[in-house]
file target-v7.cif (mmCIF, C-alpha atoms and all ligand atoms)
data_entry
#
loop_
_atom_site.label_atom_id
_atom_site.label_comp_id
_atom_site.auth_asym_id
_atom_site.auth_seq_id
_atom_site.Cartn_x
_atom_site.Cartn_y
_atom_site.Cartn_z
CA MET P 1 9.57 0.34 -23.27
CA ASP P 2 7.36 3.23 -24.27
CA SER P 3 5.66 5.05 -21.44
CA PHE P 4 1.91 4.83 -21.48
CA ASN P 5 0.46 7.88 -23.12
CA LYS P 6 -2.84 7.70 -21.31
CA LYS P 7 -3.34 8.04 -17.56
CA ILE P 8 -3.28 4.36 -16.82
CA ILE P 9 -4.37 3.05 -13.41
CA ILE P 10 -2.87 -0.22 -12.15
CA ALA P 11 -4.32 -1.56 -8.88
CA ILE P 12 -2.11 -3.77 -6.70
CA ASP P 13 -3.89 -5.14 -3.64
CA GLY P 14 -3.12 -7.84 -1.12
CA PRO P 15 -2.36 -8.57 2.54
CA ALA P 16 0.50 -7.13 4.62
CA GLY P 17 3.98 -8.28 3.67
CA ALA P 18 3.13 -9.97 0.36
CA GLY P 19 5.77 -7.89 -1.44
CA LYS P 20 3.33 -5.39 -2.94
CA SER P 21 5.42 -2.29 -2.30
CA THR P 22 8.64 -3.52 -3.87
CA VAL P 23 6.85 -4.89 -6.91
CA SER P 24 4.66 -1.79 -7.31
CA ARG P 25 7.64 0.55 -7.06
CA LEU P 26 9.60 -1.42 -9.68
CA LEU P 27 6.57 -1.75 -11.94
CA ALA P 28 5.90 1.99 -11.84
CA ARG P 29 9.54 2.68 -12.68
CA ARG P 30 9.50 0.23 -15.60
CA LEU P 31 6.34 1.78 -17.01
CA GLY P 32 7.40 5.36 -16.32
CA ILE P 33 4.30 6.18 -14.28
CA PRO P 34 3.86 7.35 -10.65
CA TYR P 35 3.73 4.97 -7.68
CA ILE P 36 1.17 5.71 -4.99
CA ASN P 37 1.56 3.85 -1.72
CA THR P 38 -1.85 4.15 -0.05
CA GLY P 39 -0.80 2.13 3.02
CA ALA P 40 1.69 4.90 3.80
CA MET P 41 -1.23 7.35 3.86
CA TYR P 42 -3.09 5.29 6.49
CA ARG P 43 0.17 5.01 8.42
CA ALA P 44 0.60 8.81 8.29
CA ALA P 45 -2.97 9.36 9.47
CA GLY P 46 -2.41 6.93 12.36
CA LEU P 47 0.85 8.64 13.28
CA LYS P 48 -0.68 12.12 13.32
CA ALA P 49 -3.69 11.01 15.40
CA LYS P 50 -1.35 9.32 17.91
CA ARG P 51 0.85 12.41 18.12
CA LEU P 52 -2.19 14.59 18.78
CA GLY P 53 -3.59 12.09 21.29
CA ILE P 54 -6.83 11.68 19.33
CA ASP P 55 -8.79 8.58 20.24
CA PHE P 56 -9.64 6.52 17.15
CA SER P 57 -13.30 6.40 18.24
CA ASP P 58 -13.50 10.22 18.16
CA THR P 59 -14.61 10.54 14.54
CA GLU P 60 -15.31 14.27 14.71
CA SER P 61 -11.74 15.04 15.76
CA LEU P 62 -10.35 12.62 13.16
CA LYS P 63 -12.35 14.34 10.44
CA LYS P 64 -11.16 17.77 11.57
CA MET P 65 -7.59 16.48 11.75
CA LEU P 66 -7.71 15.15 8.18
CA ASP P 67 -9.30 18.35 6.88
CA GLU P 68 -6.17 20.08 8.16
CA THR P 69 -3.66 17.48 6.99
CA GLU P 70 -1.39 17.59 3.97
CA ILE P 71 0.08 14.34 2.67
CA GLU P 72 2.58 14.49 -0.14
CA PHE P 73 4.97 12.00 -1.75
CA VAL P 74 8.40 13.25 -2.73
CA TRP P 75 10.94 11.13 -4.66
CA LYS P 76 14.46 10.83 -3.29
CA ASP P 77 17.08 8.33 -4.50
CA GLY P 78 14.49 6.21 -6.31
CA ARG P 79 12.17 5.82 -3.33
CA GLU P 80 9.14 7.69 -2.15
CA ARG P 81 9.29 9.76 1.02
CA LEU P 82 6.07 10.78 2.72
CA TYR P 83 5.73 14.37 3.90
CA LEU P 84 3.10 14.91 6.55
CA ASP P 85 2.29 18.61 6.86
CA GLY P 86 5.70 19.39 5.38
CA GLU P 87 7.68 17.01 7.64
CA ASP P 88 9.39 13.89 6.26
CA VAL P 89 7.97 11.16 8.55
CA THR P 90 8.87 8.16 6.35
CA ASP P 91 11.19 6.56 8.91
CA GLU P 92 8.49 6.64 11.59
CA LEU P 93 5.89 4.88 9.47
CA TYR P 94 7.30 1.36 9.38
CA THR P 95 7.52 0.22 12.99
CA PRO P 96 5.07 -2.50 14.13
CA GLU P 97 3.29 0.12 16.31
CA ALA P 98 2.75 2.37 13.29
CA GLY P 99 1.46 -0.65 11.33
CA LYS P 100 -1.03 -1.47 14.06
CA ALA P 101 -2.14 2.18 14.34
CA ALA P 102 -2.64 2.27 10.54
CA SER P 103 -4.71 -0.90 10.58
CA ASP P 104 -6.78 0.41 13.53
CA ILE P 105 -7.42 3.85 12.05
CA SER P 106 -8.20 2.40 8.62
CA LYS P 107 -11.37 0.86 10.10
CA VAL P 108 -12.85 4.31 10.68
CA PRO P 109 -15.23 5.20 7.80
CA VAL P 110 -14.48 8.95 7.83
CA VAL P 111 -10.74 8.24 7.57
CA ARG P 112 -11.31 5.97 4.57
CA GLU P 113 -13.58 8.52 2.94
CA LYS P 114 -10.98 11.27 3.23
CA LEU P 115 -8.03 9.16 2.10
CA VAL P 116 -9.91 7.52 -0.77
CA GLU P 117 -10.83 11.02 -1.99
CA LEU P 118 -7.16 12.01 -1.93
CA GLN P 119 -6.08 8.76 -3.64
CA ARG P 120 -8.59 9.28 -6.45
CA ARG P 121 -7.45 12.86 -6.90
CA ILE P 122 -3.78 11.88 -7.15
CA GLY P 123 -4.58 8.91 -9.42
CA ARG P 124 -6.78 10.87 -11.81
CA GLU P 125 -4.23 13.62 -12.14
CA LYS P 126 -1.36 11.52 -13.44
CA GLY P 127 -2.40 7.85 -13.37
CA GLY P 128 -0.07 5.40 -11.68
CA VAL P 129 0.45 2.14 -9.84
CA LEU P 130 -1.74 2.36 -6.75
CA GLU P 131 -0.96 -0.12 -4.04
CA GLY P 132 -3.22 -0.99 -1.09
CA ARG P 133 -6.08 -3.17 0.10
CA ASP P 134 -9.14 -1.78 -1.69
CA ILE P 135 -7.80 -0.16 -4.86
CA GLY P 136 -9.41 -2.64 -7.27
CA THR P 137 -12.63 -2.93 -5.27
CA VAL P 138 -13.32 0.63 -4.04
CA VAL P 139 -10.83 3.33 -5.03
CA PHE P 140 -10.60 2.50 -8.74
CA PRO P 141 -13.05 -0.33 -9.52
CA ASP P 142 -12.59 0.53 -13.19
CA ALA P 143 -8.76 0.36 -13.05
CA ASP P 144 -7.08 -0.68 -16.31
CA PHE P 145 -5.32 -3.59 -14.59
CA LYS P 146 -5.89 -5.26 -11.23
CA PHE P 147 -3.54 -7.63 -9.43
CA PHE P 148 -3.96 -9.34 -6.07
CA ILE P 149 -0.63 -10.31 -4.54
CA THR P 150 -0.56 -12.95 -1.78
CA ALA P 151 1.88 -15.23 0.05
CA SER P 152 1.63 -17.57 3.04
CA VAL P 153 1.40 -15.81 6.40
CA GLU P 154 4.72 -17.31 7.58
CA GLU P 155 6.55 -16.16 4.46
CA ARG P 156 5.06 -12.67 4.75
CA ALA P 157 6.13 -12.45 8.41
CA ARG P 158 9.65 -13.64 7.46
CA ARG P 159 9.92 -10.93 4.81
CA ARG P 160 8.71 -8.21 7.19
CA TRP P 161 11.14 -9.45 9.87
CA ARG P 162 14.05 -9.34 7.43
CA GLU P 163 13.08 -5.82 6.30
CA LEU P 164 13.00 -4.62 9.91
CA GLN P 165 16.38 -6.23 10.65
CA GLU P 166 17.84 -4.41 7.66
CA LYS P 167 16.47 -1.14 9.03
CA GLY P 168 18.20 -1.94 12.36
CA ILE P 169 14.92 -2.56 14.20
CA LYS P 170 15.43 -5.46 16.65
CA ILE P 171 12.32 -7.60 17.02
CA ASP P 172 11.46 -11.31 17.45
CA TYR P 173 10.09 -13.18 14.44
CA GLU P 174 7.20 -14.43 16.61
CA ASP P 175 6.13 -10.83 17.33
CA VAL P 176 6.20 -9.95 13.63
CA LEU P 177 4.12 -13.06 12.87
CA LYS P 178 1.58 -12.04 15.52
CA ASP P 179 1.44 -8.52 14.05
CA VAL P 180 0.86 -9.83 10.51
CA GLU P 181 -1.86 -12.21 11.74
CA TYR P 182 -3.54 -9.40 13.68
CA ARG P 183 -3.57 -7.14 10.62
CA ASP P 184 -4.77 -9.90 8.28
CA LYS P 185 -7.70 -10.59 10.54
CA GLN P 186 -8.59 -6.94 11.06
CA ASP P 187 -8.05 -5.82 7.45
CA SER P 188 -10.18 -8.69 6.11
CA SER P 189 -13.00 -8.49 8.62
CA ARG P 190 -13.62 -4.75 8.92
CA GLU P 191 -17.00 -3.49 7.76
CA VAL P 192 -15.85 -0.79 5.36
CA ALA P 193 -13.79 -1.78 2.31
CA PRO P 194 -12.32 -5.01 3.71
CA LEU P 195 -9.31 -6.60 2.07
CA ARG P 196 -10.80 -8.66 -0.73
CA LYS P 197 -9.71 -9.71 -4.18
CA ALA P 198 -11.72 -7.96 -6.88
CA ASP P 199 -13.51 -10.52 -9.05
CA ASP P 200 -11.60 -9.34 -12.11
CA ALA P 201 -8.15 -9.16 -10.42
CA ILE P 202 -5.31 -11.49 -11.41
CA GLU P 203 -4.08 -13.34 -8.30
CA ILE P 204 -0.35 -14.00 -7.89
CA ASP P 205 0.93 -16.15 -5.02
CA THR P 206 4.49 -15.00 -4.32
CA THR P 207 5.38 -17.52 -1.58
CA ASP P 208 7.90 -19.26 -3.82
CA LEU P 209 8.63 -16.42 -6.23
CA GLY P 210 11.36 -13.77 -6.23
CA ILE P 211 10.53 -10.12 -6.83
CA GLU P 212 11.82 -10.19 -10.41
CA GLU P 213 9.63 -13.18 -11.23
CA VAL P 214 6.55 -11.44 -9.88
CA LEU P 215 7.41 -8.28 -11.79
CA GLU P 216 7.89 -10.23 -15.03
CA LYS P 217 4.53 -11.98 -14.60
CA ILE P 218 2.76 -8.65 -14.16
CA LEU P 219 4.59 -6.96 -17.04
CA LYS P 220 3.95 -9.92 -19.31
CA TYR P 221 0.25 -9.74 -18.59
CA ILE P 222 0.04 -5.98 -19.08
CA LEU P 223 2.04 -6.02 -22.30
CA GLU P 224 0.08 -8.95 -23.70
CA GLN P 225 -3.09 -6.96 -23.16
CA LYS P 226 -1.47 -3.98 -24.82
CA GLY P 227 -0.17 -6.14 -27.66
CA GLU P 228 3.56 -5.51 -26.97
CA SER P 229 6.44 -7.76 -26.00
CA SER P 230 7.93 -7.47 -22.45
CA SER P 231 11.52 -7.36 -23.74
CA SER P 232 11.16 -3.92 -25.36
O1 LIG O 301 0.25 -1.61 3.10
P1 LIG O 301 0.58 -1.27 4.54
O2 LIG O 301 0.94 -2.48 5.35
O3 LIG O 301 1.59 -0.18 4.66
O4 LIG O 301 -0.82 -0.68 5.15
C1 LIG O 301 -0.96 -0.30 6.49
C2 LIG O 301 -2.41 -0.48 6.93
O5 LIG O 301 -3.25 0.45 6.23
C3 LIG O 301 -3.01 -1.84 6.67
O6 LIG O 301 -2.95 -2.68 7.80
C4 LIG O 301 -4.45 -1.58 6.29
C5 LIG O 301 -4.49 -0.15 5.91
N1 LIG O 301 -4.74 0.06 4.49
C6 LIG O 301 -6.05 0.09 4.06
O7 LIG O 301 -6.94 -0.13 4.87
N2 LIG O 301 -6.35 0.37 2.76
C7 LIG O 301 -5.38 0.61 1.87
N3 LIG O 301 -5.71 0.91 0.61
C8 LIG O 301 -4.02 0.55 2.27
C9 LIG O 301 -3.72 0.25 3.59
#

call {"tool": "encode", "arguments": {"input": "target-v7.cif", "output": "structure tokens"}}
result
Amino acid sequence: MDSFNKKIIIAIDGPAGAGKSTVSRLLARRLGIPYINTGAMYRAAGLKAKRLGIDFSDTESLKKMLDETEIEFVWKDGRERLYLDGEDVTDELYTPEAGKAASDISKVPVVREKLVELQRRIGREKGGVLEGRDIGTVVFPDADFKFFITASVEERARRRWRELQEKGIKIDYEDVLKDVEYRDKQDSSREVAPLRKADDAIEIDTTDLGIEEVLEKILKYILEQKGESSSS
């Protein structure tokens, strides 16, 4: 398939564990455009604040911290690694504690302001598949394509649990389910940029779909709009 010659923005939003990352990564690769994982940025911000012992209610310190923070994605073996101030912290970002810290810190308006600014800068520079909670509603409301990926809460918890097992992290399914429920509630009910489907986003329920099927649905839609066939 030809790469897009314009800086195309594809927004992929949805709740935790719906399969957004895997699909977004594959989609970006198929289209030959960058993949920007915005959840990883909130995770990195949460990690740094925790390391520095900054209370999430201390907005002044959080603002100062982010003014002095560098977040960069580097590609290694077909996956993105996140460098926080020059240190590869990727492996620390995906524990349930880091997920909770990310969800908690993402409620803070100044944190969202700073990270949205960075996301827009990266997106405008090269275009890409941006994955998160508020890409189609806030970060790029005029994105070329918007998708909202969902799945039942039990299925999402099962997927997260399996992922953690594969990474060698031992945890009970019930605890993962509780974590996913906690984040759903918090991400959807926060005041600033809550998780919400954009009115013009295409919703895909992945509960009974495999990754390839989801990817094909998205590609088919994009290529139909572009007037190409998905088999090229
Ligand atoms: O996608 P993820 O599970 O890695 O995201 C971690 C947390 O970051 C999630 O609970 C909510 C927050 N987040 C957000 O508020 N806005 C985004 N665009 C992406 C993530």

call {"tool": "residues_around", "arguments": {"input": "target-v7.cif", "residues": "P:Ala11", "least_positions_apart": "2", "cutoff": "7 Å", "atoms": "all atoms listed in the file", "output": "list in words"}}
result
Ile9, Asp13, Val129, Leu130, Glu131, Ile135, Gly136, Ala143, Phe145, Lys146 and Phe147 of chain P

call {"tool": "closest_atom_pairs", "arguments": {"input": "target-v7.cif", "of": "chain P", "to": "ligand LIG 301 (chain O)", "cutoff": "7 Å", "atoms": "only C-alpha atoms and all ligand atoms", "output": "tab-separated table"}}
result
residue	atom	partner	partner_atom	distance
P:Ala16	CA	O:LIG301	O2	4.7
P:Gly17	CA	O:LIG301	O2	6.8
P:Thr38	CA	O:LIG301	C8	4.8
P:Gly39	CA	O:LIG301	C9	3.5
P:Ala40	CA	O:LIG301	O3	5.2
P:Tyr42	CA	O:LIG301	O5	4.8
P:Arg43	CA	O:LIG301	C1	5.8
P:Gly99	CA	O:LIG301	C1	5.4
P:Lys100	CA	O:LIG301	O6	6.7
P:Ala102	CA	O:LIG301	C2	4.5
P:Ser103	CA	O:LIG301	O6	3.7
P:Ser106	CA	O:LIG301	O7	4.7
P:Lys107	CA	O:LIG301	O7	6.9
P:Glu131	CA	O:LIG301	N3	6.7
P:Gly132	CA	O:LIG301	N3	3.6
P:Arg133	CA	O:LIG301	N3	4.1
P:Asp134	CA	O:LIG301	N3	4.9
P:Ile135	CA	O:LIG301	N3	6.0
P:Arg183	CA	O:LIG301	O6	5.3
P:Asp187	CA	O:LIG301	C4	5.7

call {"tool": "residues_around", "arguments": {"input": "target-v7.cif", "residues": "stretch 71-76 of chain P", "least_positions_apart": "3", "cutoff": "9 Å", "atoms": "all atoms listed in the file", "output": "PyMOL selection string"}}
result
chain P and resi 36-37+41+44-45+79-86+118

call {"tool": "closest_residue", "arguments": {"input": "target-v7.cif", "among": "P:Glu154, P:Glu68, P:Asp144, P:Asp199", "to": "P:Tyr221", "atoms": "all atoms listed in the file"}}
result
P:Asp144

call {"tool": "closest_residue", "arguments": {"input": "target-v7.cif", "among": "P:Ala18, P:Ile33, P:Val89, P:Leu115", "to": "P:Lys63", "atoms": "all atoms listed in the file"}}
result
P:Leu115

call {"tool": "closest_atom_pairs", "arguments": {"input": "target-v7.cif", "of": "stretch 149-215 of chain P", "to": "stretch 27-31 of chain P", "cutoff": "12 Å", "atoms": "all atoms listed in the file", "output": "tab-separated table"}}
result
residue	atom	partner	partner_atom	distance
P:Ile211	CA	P:Leu27	CA	10.6
P:Glu212	CA	P:Leu27	CA	10.1
P:Glu213	CA	P:Leu27	CA	11.9
P:Val214	CA	P:Leu27	CA	9.9
P:Leu215	CA	P:Leu27	CA	6.6

call {"tool": "closest_residue", "arguments": {"input": "target-v7.cif", "among": "P:Glu125, P:Glu113, P:Asp91, P:Asp200", "to": "P:Leu164", "atoms": "only C-alpha atoms"}}
result
P:Asp91

call {"tool": "closest_residue", "arguments": {"input": "target-v7.cif", "among": "P:Thr59, P:Thr137, P:Ser24, P:Thr95", "to": "P:Val111", "atoms": "all atoms listed in the file"}}
result
P:Thr59

call {"tool": "closest_residue", "arguments": {"input": "target-v7.cif", "among": "P:Glu191, P:Glu181, P:Glu70, P:Glu97", "to": "P:Lys114", "atoms": "all atoms listed in the file"}}
result
P:Glu70

call {"tool": "atom_distance", "arguments": {"input": "target-v7.cif", "atom1": "atom CA of P:Ile105", "atom2": "atom CA of P:Gly46"}}
result
5.9 Å

call {"tool": "residues_near_point", "arguments": {"input": "target-v7.cif", "point": "(1.4, -12.0, 8.3)", "cutoff": "8 Å", "atoms": "all atoms listed in the file", "output": "ChimeraX atom specification"}}
result
/P:15-17,152-157,176-184

call {"tool": "atom_distance", "arguments": {"input": "target-v7.cif", "atom1": "atom CA of P:Asp208", "atom2": "atom CA of P:Arg159"}}
result
12.2 Å

call {"tool": "atom_distance", "arguments": {"input": "target-v7.cif", "atom1": "atom CA of P:Val138", "atom2": "atom CA of P:Leu66"}}
result
19.8 Å

call {"tool": "residues_around", "arguments": {"input": "target-v7.cif", "residues": "P:Leu52", "least_positions_apart": "2", "cutoff": "12 Å", "atoms": "all atoms listed in the file", "output": "list in words"}}
result
Ala45, Gly46, Leu47, Lys48, Ala49, Lys50, Ile54, Asp55, Phe56, Ser61, Leu62, Lys64, Met65 and Leu66 of chain P

call {"tool": "closest_residue", "arguments": {"input": "target-v7.cif", "among": "P:Ile202, P:Leu219, P:Ala193, P:Ile10", "to": "P:Ile149", "atoms": "all atoms listed in the file"}}
result
P:Ile202

call {"tool": "build_atoms", "arguments": {"input": "target-v7.cif", "residues": "stretch 92-128 of chain P", "atoms": "N, CA and C atoms", "output": "short mmCIF file (atom, residue, chain, number, x, y, z; two decimals), keeping the file's coordinate frame"}}
result
data_model
loop_
_atom_site.label_atom_id
_atom_site.label_comp_id
_atom_site.auth_asym_id
_atom_site.auth_seq_id
_atom_site.Cartn_x
_atom_site.Cartn_y
_atom_site.Cartn_z
N GLU P 92 9.35 6.97 10.44
CA GLU P 92 8.49 6.64 11.59
C GLU P 92 7.31 5.76 11.21
N LEU P 93 7.12 5.56 9.91
CA LEU P 93 5.89 4.88 9.47
C LEU P 93 5.96 3.36 9.50
N TYR P 94 7.19 2.81 9.60
CA TYR P 94 7.30 1.36 9.38
C TYR P 94 7.64 0.52 10.60
N THR P 95 7.35 1.04 11.79
CA THR P 95 7.52 0.22 12.99
C THR P 95 6.23 -0.60 13.16
N PRO P 96 6.30 -1.73 13.90
CA PRO P 96 5.07 -2.50 14.13
C PRO P 96 3.96 -1.67 14.78
N GLU P 97 4.32 -0.72 15.66
CA GLU P 97 3.29 0.12 16.31
C GLU P 97 2.57 0.97 15.26
N ALA P 98 3.36 1.52 14.33
CA ALA P 98 2.75 2.37 13.29
C ALA P 98 1.87 1.51 12.38
N GLY P 99 2.27 0.25 12.15
CA GLY P 99 1.46 -0.65 11.33
C GLY P 99 0.14 -0.96 12.01
N LYS P 100 0.19 -1.15 13.31
CA LYS P 100 -1.03 -1.47 14.06
C LYS P 100 -1.94 -0.23 14.08
N ALA P 101 -1.34 0.94 14.31
CA ALA P 101 -2.14 2.18 14.34
C ALA P 101 -2.81 2.39 12.98
N ALA P 102 -2.08 2.10 11.89
CA ALA P 102 -2.64 2.27 10.54
C ALA P 102 -3.82 1.33 10.34
N SER P 103 -3.64 0.07 10.75
CA SER P 103 -4.71 -0.90 10.58
C SER P 103 -5.93 -0.49 11.42
N ASP P 104 -5.67 -0.01 12.65
CA ASP P 104 -6.78 0.41 13.53
C ASP P 104 -7.51 1.62 12.96
N ILE P 105 -6.77 2.62 12.52
CA ILE P 105 -7.42 3.85 12.05
C ILE P 105 -8.11 3.63 10.70
N SER P 106 -7.62 2.63 9.94
CA SER P 106 -8.20 2.40 8.62
C SER P 106 -9.60 1.77 8.70
N LYS P 107 -10.02 1.40 9.93
CA LYS P 107 -11.37 0.86 10.10
C LYS P 107 -12.41 1.98 10.17
N VAL P 108 -11.93 3.20 10.44
CA VAL P 108 -12.85 4.31 10.68
C VAL P 108 -13.36 4.87 9.34
N PRO P 109 -14.70 4.80 9.10
CA PRO P 109 -15.23 5.20 7.80
C PRO P 109 -14.80 6.60 7.35
N VAL P 110 -14.80 7.58 8.27
CA VAL P 110 -14.48 8.95 7.83
C VAL P 110 -13.02 9.05 7.36
N VAL P 111 -12.16 8.25 7.97
CA VAL P 111 -10.74 8.24 7.57
C VAL P 111 -10.63 7.66 6.16
N ARG P 112 -11.35 6.57 5.91
CA ARG P 112 -11.31 5.97 4.57
C ARG P 112 -11.85 6.93 3.52
N GLU P 113 -12.98 7.58 3.87
CA GLU P 113 -13.58 8.52 2.94
C GLU P 113 -12.57 9.59 2.50
N LYS P 114 -11.92 10.18 3.50
CA LYS P 114 -10.98 11.27 3.23
C LYS P 114 -9.78 10.78 2.41
N LEU P 115 -9.23 9.63 2.80
CA LEU P 115 -8.03 9.16 2.10
C LEU P 115 -8.35 8.63 0.70
N VAL P 116 -9.52 8.01 0.56
CA VAL P 116 -9.91 7.52 -0.77
C VAL P 116 -10.07 8.72 -1.72
N GLU P 117 -10.66 9.79 -1.20
CA GLU P 117 -10.83 11.02 -1.99
C GLU P 117 -9.46 11.52 -2.49
N LEU P 118 -8.51 11.54 -1.58
CA LEU P 118 -7.16 12.01 -1.93
C LEU P 118 -6.50 11.06 -2.94
N GLN P 119 -6.68 9.75 -2.73
CA GLN P 119 -6.08 8.76 -3.64
C GLN P 119 -6.65 8.90 -5.05
N ARG P 120 -7.97 9.13 -5.12
CA ARG P 120 -8.59 9.28 -6.45
C ARG P 120 -8.08 10.54 -7.12
N ARG P 121 -7.91 11.59 -6.33
CA ARG P 121 -7.45 12.86 -6.90
C ARG P 121 -6.04 12.68 -7.49
N ILE P 122 -5.16 12.08 -6.69
CA ILE P 122 -3.78 11.88 -7.15
C ILE P 122 -3.77 10.96 -8.38
N GLY P 123 -4.55 9.88 -8.32
CA GLY P 123 -4.58 8.91 -9.42
C GLY P 123 -5.10 9.52 -10.71
N ARG P 124 -6.18 10.28 -10.59
CA ARG P 124 -6.78 10.87 -11.81
C ARG P 124 -5.86 11.88 -12.46
N GLU P 125 -5.10 12.57 -11.62
CA GLU P 125 -4.23 13.62 -12.14
C GLU P 125 -3.17 13.07 -13.09
N LYS P 126 -2.50 12.00 -12.64
CA LYS P 126 -1.36 11.52 -13.44
C LYS P 126 -1.41 10.03 -13.78
N GLY P 127 -2.41 9.30 -13.24
CA GLY P 127 -2.40 7.85 -13.37
C GLY P 127 -1.33 7.28 -12.46
N GLY P 128 -1.15 5.96 -12.48
CA GLY P 128 -0.07 5.40 -11.68
C GLY P 128 -0.36 3.99 -11.22
#
